[in-house]
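Trainee: Let me give you the structure first, and then I'll get to my questions.
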Amino acid sequence: MKPVQKISLKEYNTFNIDVNALYSFFCKSEKDLFEILKSDFVREKKIIILGGGSNLLFTGDVEDVLILMRNKGIEIVEKDKETVFVKASAGEIWDEFVDWCVNNSYGGIENLSLIPGTVGASPVQNIGAYGVEVKDVIEELEAVNIKTGEKKVFKNIECNFAYRSSIFKNELKKQYIIINVTFKLSKLSKLTLAYGNLQNEINKNNPSIRDVREAVIRIRESKLPNPKLLPNAGSFFKNPIISNQQFETLIQKFPELVSFPVGENKIKLAAGQLIDLCGFKGQKEKGVGVHEKQALVIVNYDNADGKTILKFSEKIQQSVFEKFNVKIEREINVYSAEF
Ligand SMILES: Cc1cc2nc3c(=O)[nH]c(=O)nc-3n(C[C@H](O)[C@H](O)[C@H](O)COP(=O)(O)OP(=O)(O)OC[C@H]3O[C@@H](n4cnc5c(N)ncnc54)[C@H](O)[C@@H]3O)c2cc1C
């Protein structure tokens, strides 16, 4: 296989950043991937993997080899009365996969409806929404080692899943390409409805997983900016987790802070609220700004480049740190020319 030379990535990332990729491969099958990895052209080069480009920010041209995961396929590998194991290829569009599961009455991921991106990226940051994280239903996944070309099965426990995190975002970052994910789904209706206003939105006795999917879609469409109209990458920052001790000091000064206990001696704060209290909600400069309804979402309003967006995000981080003494980490991945 030969790379496609110099393409604009504008339509391949939801921030609409107009950078070029010098060498791109569109990987449509597992066989493609093995061929790409063992070709002389690729062997000694650095590799970047791209799914739907909905969780990253390009700050310069991509001079390394870019592999766009476009392999498709959904297969039932095993089922019994209660459970079904479904294997989906990395290049499947996440929300189309959720829709397929809901149509077949396989429950477990309906709360994750309408999250952009691909199946292959879903374990990377352990996507989550409305009280469900994808780690709750991942049985195992297959990934290929970029250096050796060997395929390895990672069972759920080996993925070190945590809040918006996994081994593929940390210890094994840039080392493996996920080619498929096997999900353990339920044929019984076990719904998760306790989160936020989901139950109110459904407003029905004995809802089905289709009702849950539709309610989640309605809530998301009313709250989140559509990247096709307002280019963005969802939450730019993670919610910070601090110690009980730090929280006790903070709450004296800012009694309005929203907090959620997480595990022993740890408190999660709402990054959006911290950003809002720093006065950034709705603020715009140099073509970039914070969304007027969602302080966690940075929007590329007017063809800003990646560096401008990154600088703006650093200004927010600095401001939150100065006001609250709390560091907010980026959720999204930044790709610079030096990557
Ligand atoms: C409007 C909007 C709403 C969002 N809402 C949510 C939400 O509610 N919850 C949530 O968790 N996220 C949310 N996101 C973030 C994003 O949709 C998810 O992180 C999604 O899983 C990213 O998928 P992708 O295919 O676009 O990944 P990309 O952005 O293409 O890649 C993300 C990272 O994963 C790596 N990667 C991608 N595919 C593979 C693979 N096959 N193997 C190895 N590494 C890979 C990339 O190299 C990169 O580091 C939202 C984004 C947007 C734009």
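Each chain in the structure tokens gets a letter, A, B and so on, in the order shown; residues start at 1 in every chain, and ligands are counted from 1 in the order they appear.
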Leaving out Leu296 of chain A and any residue of its chain fewer than 3 positions from it, which residues lie within 6 Å of it when counting only C-alpha atoms, given as a PDB file with C-alpha atoms, in the first residue's frame?
Mentor:
```
ATOM      1  CA  SER A 235     -15.178  18.647  26.803  1.00  0.00           C
ATOM      2  CA  PHE A 236     -11.755  20.199  26.463  1.00  0.00           C
ATOM      3  CA  GLY A 272     -17.124  23.710  33.775  1.00  0.00           C
TER       4      GLY A 272
END
```
Trainee: Write out, as a tab-separated table, each residue of chain A that has an atom at most 7 Å from ligand 1, together with the closest pair of atoms and their distance in Å to one decimal, counting only C-alpha atoms and all ligand atoms, rows going by chain and rising number.
Mentor:
```
residue	atom	partner	partner_atom_place_in_ligand_line	distance
A:Thr14	CA	ligand 1	53 (C)	5.9
A:Ile48	CA	ligand 1	47 (O)	5.7
A:Ile49	CA	ligand 1	47 (O)	4.1
A:Leu50	CA	ligand 1	30 (O)	4.0
A:Gly51	CA	ligand 1	30 (O)	3.3
A:Gly52	CA	ligand 1	26 (O)	3.3
A:Gly53	CA	ligand 1	29 (O)	3.4
A:Ser54	CA	ligand 1	26 (O)	3.6
A:Asn55	CA	ligand 1	29 (O)	3.6
A:Leu56	CA	ligand 1	29 (O)	4.8
A:Met69	CA	ligand 1	41 (N)	6.0
A:Ala90	CA	ligand 1	41 (N)	5.1
A:Leu112	CA	ligand 1	8 (O)	7.0
A:Ile115	CA	ligand 1	5 (N)	4.8
A:Pro116	CA	ligand 1	17 (O)	4.1
A:Gly117	CA	ligand 1	26 (O)	3.4
A:Thr118	CA	ligand 1	25 (O)	3.8
A:Val119	CA	ligand 1	25 (O)	6.8
A:Gly120	CA	ligand 1	41 (N)	3.9
A:Ala121	CA	ligand 1	38 (N)	3.9
A:Ser122	CA	ligand 1	21 (O)	4.1
A:Val124	CA	ligand 1	34 (O)	5.5
A:Gln125	CA	ligand 1	19 (O)	6.0
A:Asn126	CA	ligand 1	11 (O)	6.3
A:Ile127	CA	ligand 1	11 (O)	3.1
A:Gly128	CA	ligand 1	11 (O)	4.2
A:Ala129	CA	ligand 1	8 (O)	4.8
A:Arg164	CA	ligand 1	11 (O)	6.4
A:Phe168	CA	ligand 1	44 (N)	6.9
A:Tyr176	CA	ligand 1	43 (C)	5.9
A:Ile177	CA	ligand 1	42 (N)	3.7
A:Ile178	CA	ligand 1	42 (N)	3.7
A:Ile179	CA	ligand 1	41 (N)	5.6
A:Leu224	CA	ligand 1	1 (C)	6.2
A:Pro225	CA	ligand 1	1 (C)	6.2
A:Asn226	CA	ligand 1	1 (C)	5.8
A:Pro227	CA	ligand 1	1 (C)	5.6
A:Asn232	CA	ligand 1	53 (C)	5.4
A:Ala233	CA	ligand 1	53 (C)	3.6
A:Gly234	CA	ligand 1	52 (C)	3.5
A:Ser235	CA	ligand 1	50 (C)	6.3
A:Asn333	CA	ligand 1	49 (O)	5.6
```
Trainee: In terms of the shortest atom-to-atom distance over only C-alpha atoms, which of A:Arg70, A:Arg330, A:Lys45, A:Lys223 is closest to Lys293 of chain A?
Mentor: A:Lys223
Trainee: Could you give me, as an mmCIF file with N, CA and C atoms, in the first residue's frame, the residues within 10 Å of Ala215 of chain A, counting only C-alpha atoms and dropping anything in the same chain fewer than 5 positions from it?
Mentor:
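Output (result_13.cif):
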```
data_model
loop_
_atom_site.group_PDB
_atom_site.id
_atom_site.type_symbol
_atom_site.label_atom_id
_atom_site.label_comp_id
_atom_site.auth_asym_id
_atom_site.auth_seq_id
_atom_site.Cartn_x
_atom_site.Cartn_y
_atom_site.Cartn_z
ATOM 1 N N GLU A 110 -26.621 2.302 25.598
ATOM 2 C CA GLU A 110 -27.593 3.297 25.129
ATOM 3 C C GLU A 110 -27.363 4.684 25.748
ATOM 4 N N ASN A 111 -26.803 4.716 26.991
ATOM 5 C CA ASN A 111 -26.522 6.024 27.613
ATOM 6 C C ASN A 111 -25.385 6.755 26.898
ATOM 7 N N SER A 113 -25.146 7.191 23.740
ATOM 8 C CA SER A 113 -25.633 7.601 22.413
ATOM 9 C C SER A 113 -25.089 8.973 22.046
ATOM 10 N N ASN A 197 -30.893 14.529 34.634
ATOM 11 C CA ASN A 197 -32.336 14.622 34.376
ATOM 12 C C ASN A 197 -32.828 13.548 33.399
ATOM 13 N N LEU A 198 -32.078 12.440 33.310
ATOM 14 C CA LEU A 198 -32.439 11.394 32.338
ATOM 15 C C LEU A 198 -33.839 10.824 32.605
ATOM 16 N N GLN A 199 -34.076 10.454 33.870
ATOM 17 C CA GLN A 199 -35.372 9.871 34.238
ATOM 18 C C GLN A 199 -36.524 10.828 33.887
ATOM 19 N N ASN A 200 -36.338 12.118 34.211
ATOM 20 C CA ASN A 200 -37.390 13.111 33.901
ATOM 21 C C ASN A 200 -37.627 13.217 32.411
ATOM 22 N N GLU A 201 -36.539 13.190 31.662
ATOM 23 C CA GLU A 201 -36.641 13.331 30.213
ATOM 24 C C GLU A 201 -37.409 12.145 29.604
ATOM 25 N N ILE A 202 -37.213 10.958 30.191
ATOM 26 C CA ILE A 202 -37.899 9.770 29.650
ATOM 27 C C ILE A 202 -39.391 9.834 29.996
ATOM 28 N N ASN A 203 -39.663 10.179 31.278
ATOM 29 C CA ASN A 203 -41.024 10.457 31.695
ATOM 30 C C ASN A 203 -42.016 9.354 31.287
ATOM 31 N N ILE A 209 -34.693 0.344 26.078
ATOM 32 C CA ILE A 209 -33.381 0.953 25.807
ATOM 33 C C ILE A 209 -33.500 1.969 24.653
ATOM 34 N N ARG A 210 -34.452 1.777 23.762
ATOM 35 C CA ARG A 210 -34.710 2.763 22.691
ATOM 36 C C ARG A 210 -35.168 4.104 23.304
ATOM 37 N N ARG A 220 -28.691 15.718 24.787
ATOM 38 C CA ARG A 220 -27.394 16.148 24.218
ATOM 39 C C ARG A 220 -27.606 17.218 23.145
ATOM 40 N N GLU A 221 -28.627 17.016 22.306
ATOM 41 C CA GLU A 221 -28.844 17.993 21.231
ATOM 42 C C GLU A 221 -29.246 19.368 21.781
#
```
Trainee: Quick check for you: according to DSSP on this backbone, which residues of segment 53-215 of chain A are classed as alpha helix (DSSP H)? Reply as a ChimeraX atom specification.
Mentor: /A:94-103,198-202,209-215
Trainee: Next, the residues of the selection above should be written as a short mmCIF file (atom, residue, chain, number, x, y, z; two decimals), in the first residue's frame with C-alpha atoms.
Mentor:
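The result, written out as selection.cif:
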```
data_model
loop_
_atom_site.label_atom_id
_atom_site.label_comp_id
_atom_site.auth_asym_id
_atom_site.auth_seq_id
_atom_site.Cartn_x
_atom_site.Cartn_y
_atom_site.Cartn_z
CA TRP A 94 -19.57 4.74 17.52
CA ASP A 95 -23.12 6.08 17.37
CA GLU A 96 -24.05 3.83 14.44
CA PHE A 97 -22.85 0.90 16.55
CA VAL A 98 -24.97 2.07 19.52
CA ASP A 99 -27.96 2.31 17.17
CA TRP A 100 -27.32 -1.23 15.87
CA CYS A 101 -27.21 -2.56 19.45
CA VAL A 102 -30.41 -0.75 20.43
CA ASN A 103 -32.19 -2.02 17.30
CA LEU A 198 -32.44 11.39 32.34
CA GLN A 199 -35.37 9.87 34.24
CA ASN A 200 -37.39 13.11 33.90
CA GLU A 201 -36.64 13.33 30.21
CA ILE A 202 -37.90 9.77 29.65
CA ILE A 209 -33.38 0.95 25.81
CA ARG A 210 -34.71 2.76 22.69
CA ASP A 211 -36.49 5.25 25.02
CA VAL A 212 -33.22 5.80 26.87
CA ARG A 213 -31.27 6.34 23.63
CA GLU A 214 -33.83 8.84 22.37
CA ALA A 215 -33.87 10.74 25.67
#
```
Trainee: What separation in Å, quoted to one decimal, exists between atom CA of Lys253 of chain A and atom CA of Lys323 of chain A?
Mentor: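 Here the two named atoms are 10.5 Å from each other.
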Trainee: Using only C-alpha atoms, which of A:Leu66, A:Ile76, A:Ile157, A:Leu277 sits nearest Val42 of chain A?
Mentor: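 Residue with the minimum atom-to-atom distance to Val42 of chain A: A:Leu66.
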Trainee: Ile328 of chain A: which residues within 8 Å, counting only C-alpha atoms, same-chain residues fewer than 2 positions away excluded, as a list of chain:residue names?
Mentor: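 The residues satisfying every condition are A:Phe237, A:Lys238, A:Asn239, A:Pro240, A:Ala271, A:Gln317, A:Val320, A:Phe321, A:Val326, A:Arg330.
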Trainee: Would you output that residue set with N, CA and C atoms, as an mmCIF file, in the first residue's frame?
Mentor:
```cif
data_model
loop_
_atom_site.group_PDB
_atom_site.id
_atom_site.type_symbol
_atom_site.label_atom_id
_atom_site.label_comp_id
_atom_site.auth_asym_id
_atom_site.auth_seq_id
_atom_site.Cartn_x
_atom_site.Cartn_y
_atom_site.Cartn_z
ATOM 1 N N PHE A 237 -11.550 19.867 28.882
ATOM 2 C CA PHE A 237 -10.839 19.536 30.125
ATOM 3 C C PHE A 237 -11.559 18.410 30.864
ATOM 4 N N LYS A 238 -10.783 17.723 31.728
ATOM 5 C CA LYS A 238 -11.390 16.715 32.605
ATOM 6 C C LYS A 238 -11.842 17.405 33.886
ATOM 7 N N ASN A 239 -12.801 16.794 34.580
ATOM 8 C CA ASN A 239 -13.162 17.306 35.896
ATOM 9 C C ASN A 239 -12.031 16.980 36.859
ATOM 10 N N PRO A 240 -11.534 17.981 37.609
ATOM 11 C CA PRO A 240 -10.392 17.701 38.488
ATOM 12 C C PRO A 240 -10.789 16.918 39.742
ATOM 13 N N ALA A 271 -15.279 20.948 36.356
ATOM 14 C CA ALA A 271 -14.363 21.885 35.688
ATOM 15 C C ALA A 271 -15.147 23.024 35.029
ATOM 16 N N GLN A 317 -6.665 27.445 31.912
ATOM 17 C CA GLN A 317 -6.056 26.615 32.962
ATOM 18 C C GLN A 317 -5.373 27.496 34.020
ATOM 19 N N VAL A 320 -7.951 29.352 36.218
ATOM 20 C CA VAL A 320 -8.585 28.453 37.204
ATOM 21 C C VAL A 320 -7.591 28.162 38.332
ATOM 22 N N PHE A 321 -6.333 27.962 37.974
ATOM 23 C CA PHE A 321 -5.320 27.662 38.986
ATOM 24 C C PHE A 321 -5.143 28.852 39.938
ATOM 25 N N VAL A 326 -6.392 24.920 41.746
ATOM 26 C CA VAL A 326 -6.735 23.579 41.230
ATOM 27 C C VAL A 326 -6.262 23.505 39.775
ATOM 28 N N ARG A 330 -6.102 18.725 30.460
ATOM 29 C CA ARG A 330 -6.802 18.586 29.170
ATOM 30 C C ARG A 330 -7.365 17.182 29.032
#
```
Trainee: Have a look at atom CA of Ile267 of chain A and atom CA of Ser165 of chain A and let me know their distance in Å, one decimal.
Mentor: 17.4 Å
Trainee: Under the rule that only C-alpha atoms are counted, which of A:Glu322, A:Glu171, A:Asn300, A:Phe247 is the nearest residue to Phe260 of chain A?
Mentor: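 With only C-alpha atoms as the atom set, the closest residue is A:Phe247.
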